[in-house]
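Data from structure16.txt: compact mmCIF, C-alpha atoms and all ligand atoms
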```
# COMPACT_ATOMS: atom_id res chain seq x y z
CA MET W 1 -128.64 227.14 -9.94
CA TYR W 2 -130.66 226.65 -6.81
CA LYS W 3 -132.93 229.34 -5.61
CA LYS W 4 -133.42 229.67 -1.91
CA ILE W 5 -136.97 230.89 -1.36
CA LEU W 6 -137.26 231.07 2.38
CA SER W 7 -134.25 230.60 4.48
CA TYR W 8 -134.05 229.17 7.95
CA ARG W 9 -135.37 231.59 10.53
CA PRO W 10 -134.48 230.70 14.10
CA ASN W 11 -136.03 233.88 15.55
CA PHE W 12 -139.56 233.26 14.47
CA ARG W 13 -141.82 236.22 15.28
CA PRO W 14 -145.19 235.24 16.78
CA SER W 15 -146.81 238.44 15.39
CA LEU W 16 -146.41 237.01 11.90
CA VAL W 17 -148.57 234.02 12.85
CA PHE W 18 -151.50 236.28 13.74
CA LEU W 19 -151.14 238.01 10.42
CA LEU W 20 -151.04 234.74 8.48
CA ILE W 21 -153.88 232.85 10.15
CA PRO W 22 -156.72 234.94 8.58
CA ILE W 23 -155.00 234.60 5.18
CA LEU W 24 -154.81 230.86 5.62
CA ILE W 25 -158.45 230.58 6.66
CA SER W 26 -159.65 232.59 3.69
CA PHE W 27 -157.45 230.48 1.39
CA ILE W 28 -159.12 227.30 2.62
CA PHE W 29 -162.54 228.93 2.30
CA ILE W 30 -161.85 229.96 -1.31
CA ALA W 31 -160.50 226.52 -2.13
CA LYS W 32 -163.61 224.88 -0.64
CA SER W 33 -166.03 227.09 -2.53
CA PHE W 34 -164.11 226.45 -5.75
CA ASP W 35 -164.54 222.76 -5.00
CA GLN W 36 -168.33 223.12 -4.88
CA TYR W 37 -168.39 225.40 -7.88
CA SER W 38 -166.39 223.10 -10.11
CA GLU W 39 -168.48 220.12 -9.02
CA ARG W 40 -171.60 221.90 -10.17
CA GLU W 41 -169.97 223.01 -13.41
CA ASN W 42 -168.75 219.62 -14.53
CA GLY W 43 -171.26 217.37 -12.83
CA GLU W 44 -168.41 214.93 -12.31
CA SER W 45 -167.22 213.57 -9.03
CA LYS W 46 -163.68 214.62 -8.49
CA ASN W 47 -163.94 215.95 -4.97
CA GLN W 48 -161.88 213.05 -3.61
CA GLU W 49 -158.85 214.08 -5.60
CA LEU W 50 -159.43 217.73 -4.79
CA GLU W 51 -159.83 216.88 -1.12
CA ASN W 52 -156.45 215.16 -1.21
CA ASN W 53 -154.96 218.22 -2.85
CA LEU W 54 -156.45 220.44 -0.15
CA ILE W 55 -155.01 218.30 2.61
CA THR W 56 -151.67 218.49 0.86
CA VAL W 57 -151.83 222.26 0.59
CA LYS W 58 -152.91 222.64 4.23
CA ASP W 59 -150.17 220.36 5.50
CA PHE W 60 -147.74 222.24 3.37
CA LEU W 61 -148.73 225.62 4.74
CA PHE W 62 -148.89 224.50 8.37
CA GLY W 63 -145.59 222.74 7.92
CA GLN W 64 -143.70 225.92 7.32
CA PHE W 65 -145.07 227.63 10.44
CA ASN W 66 -143.28 225.17 12.69
CA SER W 67 -140.30 226.97 14.02
CA GLY W 68 -137.10 225.22 13.16
CA SER W 69 -138.32 224.36 9.67
CA ALA W 70 -137.13 225.81 6.40
CA LYS W 71 -138.69 225.63 2.99
CA PHE W 72 -136.71 225.45 -0.23
CA GLU W 73 -137.61 225.46 -3.89
CA PHE W 74 -135.15 224.06 -6.42
CA ASN W 75 -134.95 224.05 -10.20
CA ALA W 76 -133.05 220.89 -11.05
CA ARG W 77 -130.06 220.92 -13.35
CA ASN W 78 -129.97 218.38 -16.18
CA GLY W 79 -129.02 214.94 -14.79
CA ASP W 80 -129.31 216.14 -11.19
CA SER W 81 -130.53 213.77 -8.46
CA ILE W 82 -132.71 213.96 -5.38
CA GLN W 83 -129.86 212.30 -3.47
CA ARG W 84 -127.54 215.24 -4.21
CA ILE W 85 -130.15 217.87 -3.37
CA LEU W 86 -130.84 216.23 0.00
CA SER W 87 -127.13 215.74 0.80
CA ASP W 88 -126.62 219.45 0.13
CA GLN W 89 -129.16 220.19 2.87
CA LYS W 90 -127.11 218.11 5.31
CA ILE W 91 -129.73 215.36 5.55
CA SER W 92 -128.21 212.15 6.96
CA GLN W 93 -127.66 209.30 4.48
CA ALA W 94 -129.98 207.05 6.54
CA ASP W 95 -132.77 209.63 6.25
CA ILE W 96 -132.11 210.08 2.50
CA ASN W 97 -132.35 206.31 1.97
CA ASN W 98 -135.69 206.18 3.79
CA VAL W 99 -137.05 209.10 1.74
CA LEU W 100 -135.87 207.58 -1.55
CA ASN W 101 -137.26 204.13 -0.67
CA ALA W 102 -140.66 205.65 0.05
CA PHE W 103 -140.41 207.67 -3.18
CA ARG W 104 -139.55 204.60 -5.27
CA ARG W 105 -142.56 202.69 -3.96
CA GLU W 106 -144.71 205.33 -5.65
CA TYR W 107 -142.63 206.39 -8.65
CA ASN W 108 -139.45 205.15 -10.28
CA VAL W 109 -137.37 208.31 -10.37
CA GLY W 110 -134.36 208.56 -12.67
CA PRO W 111 -132.03 211.51 -13.19
CA LEU W 112 -133.87 214.85 -12.98
CA ARG W 113 -134.51 216.98 -16.03
CA LYS W 114 -133.37 220.58 -16.36
CA ASP W 115 -135.78 222.95 -14.53
CA GLN W 116 -137.79 220.13 -12.94
CA LYS W 117 -139.25 221.63 -9.74
CA ILE W 118 -138.46 220.23 -6.31
CA TYR W 119 -139.93 221.59 -3.08
CA LEU W 120 -138.41 220.66 0.23
CA ILE W 121 -139.21 221.34 3.87
CA VAL W 122 -136.35 220.55 6.22
CA LYS W 123 -136.78 220.19 9.96
CA ARG W 124 -133.79 221.31 12.03
CA GLU W 125 -133.17 219.10 15.03
CA LYS W 126 -130.44 218.92 17.64
CA ASN W 127 -128.89 215.80 16.14
CA GLY W 128 -129.17 216.83 12.44
CA ASN W 129 -131.57 217.81 9.68
CA LEU W 130 -134.66 215.78 8.75
CA VAL W 131 -136.85 215.81 5.65
CA SER W 132 -140.28 216.95 6.72
CA ARG W 133 -141.71 217.05 3.18
CA LEU W 134 -140.37 216.51 -0.31
CA THR W 135 -142.39 217.28 -3.44
CA VAL W 136 -141.09 216.50 -6.93
CA ASN W 137 -143.03 217.67 -9.99
CA ILE W 138 -142.93 214.84 -12.52
CA ASP W 139 -144.70 216.77 -15.28
CA ASN W 140 -147.36 219.49 -15.66
CA ILE W 141 -150.03 217.41 -13.99
CA THR W 142 -148.26 214.84 -11.81
CA SER W 143 -146.27 215.34 -8.60
CA VAL W 144 -144.96 212.94 -5.95
CA HIS W 145 -145.01 213.95 -2.28
CA VAL W 146 -142.96 212.25 0.46
CA PHE W 147 -143.90 213.10 4.05
CA LEU W 148 -143.65 211.70 7.58
CA ASN W 149 -146.86 209.87 8.52
CA LYS W 150 -148.28 209.62 12.05
CA ASP W 151 -146.07 206.57 12.76
CA ASN W 152 -143.09 208.78 11.95
CA LEU W 153 -142.32 206.76 8.79
CA TYR W 154 -141.84 208.18 5.32
CA GLU W 155 -144.79 207.70 3.04
CA ALA W 156 -145.17 208.76 -0.60
CA LYS W 157 -148.21 209.84 -2.49
CA ARG W 158 -148.61 210.55 -6.16
CA VAL W 159 -151.05 213.36 -6.98
CA THR W 160 -152.35 213.74 -10.52
CA LYS W 161 -154.40 216.76 -11.40
CA VAL W 162 -157.83 215.84 -12.68
CA LEU W 163 -158.24 217.08 -16.24
CA THR W 164 -161.69 218.07 -17.45
CA LYS W 165 -162.52 218.05 -21.14
CA LYS W 166 -163.95 221.35 -22.25
CA ASN W 167 -164.62 222.38 -25.82
CA HIS W 168 -163.12 225.72 -26.75
CA PHE W 169 -164.19 228.12 -29.47
CA VAL W 170 -161.75 230.69 -30.77
CA GLU W 171 -161.99 233.23 -33.51
CA THR W 172 -159.04 235.27 -34.66
CA THR W 173 -158.18 237.78 -37.35
CA ILE W 174 -154.95 237.28 -39.21
CA ASP W 175 -152.58 240.11 -38.55
CA ARG W 176 -149.02 239.07 -39.31
CA GLY W 177 -149.13 235.44 -40.39
CA ILE W 178 -151.30 232.63 -39.15
CA TYR W 179 -148.78 231.24 -36.64
CA ARG W 180 -148.31 234.54 -34.84
CA SER W 181 -152.05 235.35 -34.81
CA ALA W 182 -152.89 231.89 -33.49
CA LYS W 183 -150.32 232.21 -30.74
CA GLN W 184 -151.69 235.63 -29.71
CA SER W 185 -155.18 234.11 -29.44
CA GLY W 186 -153.90 231.37 -27.14
CA ILE W 187 -154.29 228.56 -29.67
CA GLU W 188 -151.94 225.71 -28.79
CA ASN W 189 -149.24 224.67 -31.29
CA SER W 190 -150.73 221.18 -31.56
CA ILE W 191 -154.02 222.67 -32.75
CA VAL W 192 -152.30 225.00 -35.23
CA ALA W 193 -150.47 221.96 -36.68
CA GLN W 194 -153.76 220.04 -36.95
CA PHE W 195 -155.41 223.03 -38.60
CA ALA W 196 -152.53 223.31 -41.09
CA ARG W 197 -152.88 219.62 -41.94
CA LEU W 198 -156.67 219.93 -42.50
CA TYR W 199 -156.33 222.86 -44.89
CA GLY W 200 -152.93 221.99 -46.37
CA PHE W 201 -154.49 220.52 -49.51
CA GLU W 202 -156.45 223.62 -50.38
CA VAL W 203 -154.79 226.63 -48.78
CA ASP W 204 -151.22 227.86 -48.95
CA PHE W 205 -150.92 229.75 -45.65
CA GLN W 206 -148.15 232.02 -46.97
CA ARG W 207 -149.81 232.95 -50.24
CA ASP W 208 -153.57 232.67 -49.61
CA LEU W 209 -154.03 233.99 -46.06
CA LYS W 210 -153.80 237.78 -45.86
CA LYS W 211 -154.19 240.47 -43.23
CA ASN W 212 -157.79 240.71 -41.90
CA ASP W 213 -158.73 237.21 -43.03
CA LYS W 214 -160.47 235.30 -40.23
CA ILE W 215 -160.12 231.82 -38.84
CA LYS W 216 -162.45 230.04 -36.39
CA ILE W 217 -161.60 226.84 -34.58
CA PHE W 218 -163.74 224.78 -32.20
CA TYR W 219 -161.66 222.11 -30.46
CA GLU W 220 -161.24 219.85 -27.44
CA ARG W 221 -159.20 221.11 -24.53
CA TYR W 222 -158.31 219.39 -21.27
CA LEU W 223 -158.16 221.79 -18.32
CA ASP W 224 -156.71 221.31 -14.85
CA ASP W 225 -158.34 222.56 -11.63
CA ASP W 226 -156.88 226.01 -12.19
CA GLY W 227 -158.55 226.22 -15.60
CA ILE W 228 -155.24 225.95 -17.39
CA SER W 229 -155.14 223.97 -20.64
CA GLN W 230 -152.79 221.02 -20.15
CA ARG W 231 -153.62 218.96 -23.21
CA THR W 232 -155.53 219.32 -26.48
CA GLY W 233 -157.74 216.86 -28.34
CA ASN W 234 -159.18 217.12 -31.84
CA ILE W 235 -160.55 219.94 -33.92
CA ILE W 236 -164.35 219.57 -34.13
CA TYR W 237 -165.12 222.46 -36.48
CA SER W 238 -163.06 225.05 -38.31
CA GLU W 239 -163.47 227.84 -40.76
CA ILE W 240 -161.27 230.03 -42.94
CA ILE W 241 -162.90 233.23 -44.15
CA ASN W 242 -161.13 235.34 -46.75
CA ALA W 243 -161.97 237.38 -49.81
CA ASP W 244 -161.64 234.49 -52.26
CA LYS W 245 -162.99 231.56 -50.34
CA ASN W 246 -164.76 230.46 -47.22
CA ILE W 247 -163.92 226.91 -46.25
CA THR W 248 -165.86 225.34 -43.36
CA LEU W 249 -164.99 221.87 -42.11
CA TYR W 250 -166.91 219.58 -39.73
CA ARG W 251 -165.40 216.57 -38.02
CA TYR W 252 -167.16 213.34 -38.93
CA GLU W 253 -166.82 210.25 -36.74
CA TYR W 254 -167.39 207.10 -38.81
CA PRO W 255 -169.26 204.21 -37.11
CA ASN W 256 -165.92 202.30 -36.93
CA GLY W 257 -164.36 205.09 -34.83
CA THR W 258 -162.14 206.72 -37.48
CA MET W 259 -162.47 210.41 -38.26
CA GLY W 260 -162.61 212.62 -41.30
CA TYR W 261 -163.29 216.29 -42.07
CA PHE W 262 -165.93 217.45 -44.53
CA THR W 263 -167.53 220.64 -45.84
CA PRO W 264 -171.18 221.29 -44.82
CA GLU W 265 -172.20 219.51 -48.05
CA GLY W 266 -170.27 216.39 -47.03
CA LYS W 267 -167.42 216.92 -49.49
CA SER W 268 -163.78 216.33 -48.65
CA ILE W 269 -161.13 218.94 -49.39
CA GLU W 270 -158.44 216.29 -49.14
CA LYS W 271 -156.74 215.67 -52.43
CA SER W 272 -155.02 212.64 -53.84
CA LEU W 273 -151.75 214.58 -53.35
CA MET W 274 -150.61 217.34 -50.96
CA ARG W 275 -149.29 220.54 -52.47
CA THR W 276 -146.89 221.02 -49.56
CA PRO W 277 -145.44 217.78 -48.18
CA ILE W 278 -143.52 219.60 -45.42
CA ASN W 279 -144.79 221.63 -42.44
CA GLY W 280 -143.63 225.12 -41.52
CA ALA W 281 -141.42 225.51 -44.61
CA LYS W 282 -141.25 228.54 -46.86
CA LEU W 283 -141.80 228.20 -50.59
CA THR W 284 -138.62 229.74 -52.04
CA SER W 285 -138.59 228.70 -55.68
CA ARG W 286 -141.52 227.89 -57.91
CA TYR W 287 -141.75 225.68 -60.95
CA GLY W 288 -140.66 227.66 -64.04
CA PHE W 289 -137.69 229.21 -65.82
CA ARG W 290 -134.90 230.70 -63.74
CA ILE W 291 -131.19 231.39 -63.82
CA HIS W 292 -129.40 228.43 -62.30
CA PRO W 293 -127.46 229.71 -59.25
CA ILE W 294 -124.47 227.44 -59.89
CA LEU W 295 -124.44 226.83 -63.67
CA GLY W 296 -125.55 230.38 -64.57
CA PHE W 297 -127.76 229.64 -67.57
CA ASN W 298 -131.50 229.90 -67.90
CA HIS W 299 -133.17 226.59 -67.21
CA LEU W 300 -136.57 225.18 -66.36
CA HIS W 301 -136.92 224.53 -62.64
CA GLN W 302 -139.09 221.43 -62.76
CA GLY W 303 -140.11 221.35 -59.14
CA THR W 304 -140.95 223.47 -56.12
CA ASP W 305 -138.40 224.37 -53.44
CA PHE W 306 -139.29 224.71 -49.77
CA ALA W 307 -136.62 226.19 -47.50
CA ALA W 308 -136.51 224.23 -44.25
CA PRO W 309 -133.97 223.59 -41.50
CA ILE W 310 -132.04 220.33 -41.95
CA GLY W 311 -133.96 217.46 -40.35
CA THR W 312 -137.50 218.80 -40.96
CA PRO W 313 -139.86 215.83 -41.51
CA VAL W 314 -140.94 215.27 -45.12
CA MET W 315 -144.30 213.54 -45.72
CA ALA W 316 -145.52 211.28 -48.49
CA SER W 317 -147.85 213.66 -50.34
CA GLY W 318 -150.10 210.72 -51.23
CA SER W 319 -150.43 207.00 -50.54
CA GLY W 320 -148.41 204.71 -52.76
CA THR W 321 -145.30 202.57 -53.19
CA VAL W 322 -141.68 203.72 -52.89
CA GLU W 323 -140.05 203.26 -56.29
CA TYR W 324 -136.62 204.62 -55.41
CA ALA W 325 -134.87 205.59 -52.17
CA GLY W 326 -131.15 206.30 -52.50
CA TRP W 327 -128.49 208.65 -53.85
CA LYS W 328 -129.26 210.12 -57.28
CA GLY W 329 -126.53 212.48 -58.62
CA GLY W 330 -127.34 216.19 -58.17
CA TYR W 331 -130.57 215.26 -56.36
CA GLY W 332 -128.50 213.89 -53.46
CA LYS W 333 -130.52 211.60 -51.22
CA PHE W 334 -133.71 211.07 -53.17
CA ILE W 335 -137.10 209.35 -52.80
CA SER W 336 -139.61 208.67 -55.57
CA ILE W 337 -143.15 207.43 -54.82
CA ARG W 338 -145.58 205.92 -57.35
CA HIS W 339 -149.18 206.80 -56.39
CA SER W 340 -151.06 205.43 -59.41
CA SER W 341 -150.38 204.69 -63.05
CA VAL W 342 -150.71 208.47 -63.60
CA TYR W 343 -149.10 210.18 -60.56
CA GLN W 344 -145.61 210.02 -59.11
CA THR W 345 -143.84 212.39 -56.65
CA ASN W 346 -140.11 213.01 -56.03
CA TYR W 347 -138.30 214.42 -52.98
CA ALA W 348 -134.67 215.57 -53.30
CA HIS W 349 -131.65 216.83 -51.27
CA LEU W 350 -132.80 214.83 -48.20
CA GLN W 351 -130.63 214.49 -45.13
CA ASP W 352 -131.95 211.03 -44.33
CA TYR W 353 -134.66 208.44 -44.97
CA ALA W 354 -137.28 207.49 -42.38
CA LYS W 355 -137.13 203.97 -40.96
CA GLY W 356 -138.42 201.32 -43.36
CA ILE W 357 -138.37 203.58 -46.44
CA ARG W 358 -136.87 201.48 -49.24
CA ARG W 359 -137.84 200.32 -52.73
CA GLY W 360 -141.19 198.51 -52.59
CA ALA W 361 -142.32 199.94 -49.20
CA LYS W 362 -146.01 200.95 -49.00
CA VAL W 363 -146.62 204.46 -47.62
CA GLN W 364 -149.72 206.37 -46.47
CA GLN W 365 -150.52 209.99 -47.25
CA GLY W 366 -148.92 212.21 -44.58
CA GLN W 367 -146.53 209.48 -43.40
CA ILE W 368 -143.00 210.75 -42.68
CA ILE W 369 -140.70 209.30 -45.36
CA GLY W 370 -137.53 211.26 -44.70
CA TYR W 371 -135.92 214.46 -43.41
CA SER W 372 -135.02 217.52 -45.46
CA GLY W 373 -131.35 218.33 -45.94
CA ASN W 374 -128.78 219.87 -48.26
CA THR W 375 -127.34 216.88 -50.14
CA GLY W 376 -126.35 216.77 -53.85
CA SER W 377 -126.22 220.02 -55.92
CA SER W 378 -128.03 222.15 -53.41
CA THR W 379 -127.28 225.78 -52.50
CA GLY W 380 -128.91 225.68 -49.06
CA PRO W 381 -131.07 223.50 -46.83
CA HIS W 382 -134.33 222.87 -48.69
CA LEU W 383 -136.71 220.26 -50.04
CA HIS W 384 -137.02 220.01 -53.82
CA TYR W 385 -140.44 218.52 -54.58
CA GLU W 386 -141.66 217.28 -57.96
CA VAL W 387 -145.02 215.99 -59.16
CA VAL W 388 -144.86 213.78 -62.26
CA VAL W 389 -148.07 213.28 -64.29
CA ASN W 390 -147.94 210.61 -66.98
CA GLY W 391 -144.14 210.78 -66.97
CA LYS W 392 -144.01 214.60 -67.30
CA LYS W 393 -142.99 216.97 -64.48
CA GLU W 394 -145.81 219.41 -63.67
CA ASN W 395 -146.23 222.45 -61.41
CA SER W 396 -147.40 220.96 -58.09
CA GLN W 397 -148.82 224.30 -56.92
CA THR W 398 -151.25 224.91 -59.81
CA LEU W 399 -152.01 221.33 -60.85
CA LYS W 400 -155.69 220.31 -60.70
CA LEU W 401 -155.82 217.28 -58.46
CA PRO W 402 -158.68 214.82 -57.97
CA SER W 403 -160.52 215.09 -54.62
CA SER W 404 -161.21 212.33 -52.14
CA ALA W 405 -164.68 210.77 -52.30
CA PRO W 406 -167.63 212.67 -50.72
CA LEU W 407 -169.83 211.12 -48.01
CA GLU W 408 -172.70 209.01 -49.32
CA GLY W 409 -175.63 206.91 -48.09
CA SER W 410 -175.77 206.09 -44.36
CA ASN W 411 -172.52 208.03 -43.75
CA LYS W 412 -174.12 211.15 -45.27
CA ASN W 413 -177.19 210.74 -42.98
CA LEU W 414 -175.06 210.24 -39.88
CA PHE W 415 -172.92 213.25 -40.89
CA GLU W 416 -176.05 215.47 -41.03
CA ILE W 417 -176.92 214.47 -37.42
CA GLN W 418 -173.37 215.06 -36.16
CA LYS W 419 -173.23 218.40 -37.98
CA ARG W 420 -176.37 219.64 -36.18
CA ASN W 421 -174.92 218.47 -32.84
CA ILE W 422 -171.71 220.39 -33.52
CA ASP W 423 -173.67 223.55 -34.44
CA ASN W 424 -175.57 223.26 -31.12
CA LEU W 425 -172.37 222.70 -29.15
CA ILE W 426 -170.84 225.84 -30.66
CA LEU W 427 -173.96 227.87 -29.79
CA GLU W 428 -173.90 226.58 -26.19
CA THR W 429 -170.18 227.37 -25.83
CA ALA W 430 -170.71 230.86 -27.23
CA LYS W 431 -173.59 231.48 -24.77
CA LYS W 432 -171.48 230.51 -21.75
CA LYS W 433 -168.81 233.04 -22.66
ZN ZN F 1 -135.56 222.75 -56.71
```

I need this file expressed as structure tokens, please.
Amino acid sequence: MYKKILSYRPNFRPSLVFLLIPILISFIFIAKSFDQYSERENGESKNQELENNLITVKDFLFGQFNSGSAKFEFNARNGDSIQRILSDQKISQADINNVLNAFRREYNVGPLRKDQKIYLIVKREKNGNLVSRLTVNIDNITSVHVFLNKDNLYEAKRVTKVLTKKNHFVETTIDRGIYRSAKQSGIENSIVAQFARLYGFEVDFQRDLKKNDKIKIFYERYLDDDGISQRTGNIIYSEIINADKNITLYRYEYPNGTMGYFTPEGKSIEKSLMRTPINGAKLTSRYGFRIHPILGFNHLHQGTDFAAPIGTPVMASGSGTVEYAGWKGGYGKFISIRHSSVYQTNYAHLQDYAKGIRRGAKVQQGQIIGYSGNTGSSTGPHLHYEVVVNGKKENSQTLKLPSSAPLEGSNKNLFEIQKRNIDNLILETAKKK
């Protein structure tokens, strides 16, 4: 529902103005000095945008000191409209049309999303209410402002926060699971997902990462003027340190612009096949003998089960050609991929197939081929995953798999240069802290 922040105050007390003026002046002073500071820090010219923001803030603050004005803040309901919000404030339809026309010249607004923020200053006049300022937050970094210009006409302005790229280094000790520890250290979900993809071939986060193991990640962040991370880029460097292994990865940018991740020796930890072709799922049943939950007798479970909510994306664990995509008895909706004359992988109990996945389709490693489900003889939502080697089903979790090719020749030389640059960047970032 709507939240009324400051209601209309006809008996405006002048004493309040004297109290607020020093606050306002110091606010502008702080904003100005931040302007200079950030200019020095980044060495980039963004004062124009900041200047615009300052004018906006000043206008906004002065606006509310006019007696006969009232300021409101709204959290939109799903499918709400600016029209309805303005009508509720008893703005005339002619005024609403002028505001919306100005708005549309700057941004094509559709129905509002739930919790989208709208700020409104209404001017009370003898013959009705007028919009003095309307601000609609489009997303985290963009807002559209409609205001009366000096000709007394509505004008709209779109303000986008300037984002500055800043590399961020974070080190964290695993306490209770990697996802929780990462979250506590302020690592964004997008970076955790990237990290999981980089190490997914070599490390099983559930089984291999234990309490007190360490992870380090150096990655690109995009900050707004308030220093808040609004977007993330790529991981540049990462490290997993535990009792058994220490795996360090450097990003390598190939001359053609593509990227890869390699150990300090220039080796890849990517494998021809992924051990876990699904993100965020829990391994619930390993390859091996077990009592069948429905049939009751001891049988060989020839695959690995990952419990996952219905609809979780399933990836091709390696590049190859789809050999089968359709219903297959107890397997339910089933996909089989041929990777080479030796390797084949199977995915069972799917809810659905991804677009374009049919017999003969070419797929890339990590491409989404379908969505996990509970079809066929399945006792709960999960993915049943099988690796077939020379026609025989093998344990995907212990199987020795061939690695991707290491860097060689000119790529190896260029990698050495980039590696040193990354080491220097990390040192510089650590010094600034
Ligand atoms: Zn299974």

Which residues form the shell of 6 Å around ligand ZN 1 (chain F) when you count all atoms listed in the file, given as an MDAnalysis selection string?
chainID W and resid 303:305 384

Find the residues around W:Ile85 up to 10 Å (all atoms listed in the file counted), leave out those fewer than 3 positions away in its own chain, and share them as a ChimeraX atom specification.
/W:2,74,76,80-82,88-91,96,118,120

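With only C-alpha atoms as the atoms that count, the residue of W:Ala102, W:Leu399, W:Leu86, W:Ile228 with the shortest distance to W:Tyr119 is W:Leu86.
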
Would you compute the box with edges along x, y and z of the file around stretch 203-215 of chain W, including every atom the file lists for it and 6 Å extra on each side, and give its centre and edge lengths in Å to one decimal, as JSON?
```
{"center_x": -154.3, "center_y": 233.7, "center_z": -44.5, "size_x": 24.3, "size_y": 26.1, "size_z": 23.4}
```

Near-stretch 403-416 of chain W list (10 Å; only C-alpha atoms; drop same-chain fewer than 4 positions) as a list of chain:residue names
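What passes the distance filter is W:Phe201, W:Tyr250, W:Arg251, W:Tyr252, W:Glu253, W:Tyr254, W:Pro255, W:Gly260, W:Phe262, W:Thr263, W:Pro264, W:Glu265, W:Gly266, W:Lys267, W:Ser268, W:Ile269, W:Glu270, W:Lys271, W:Ser272, W:Leu273, W:Arg420, W:Asn421, W:Ile422.
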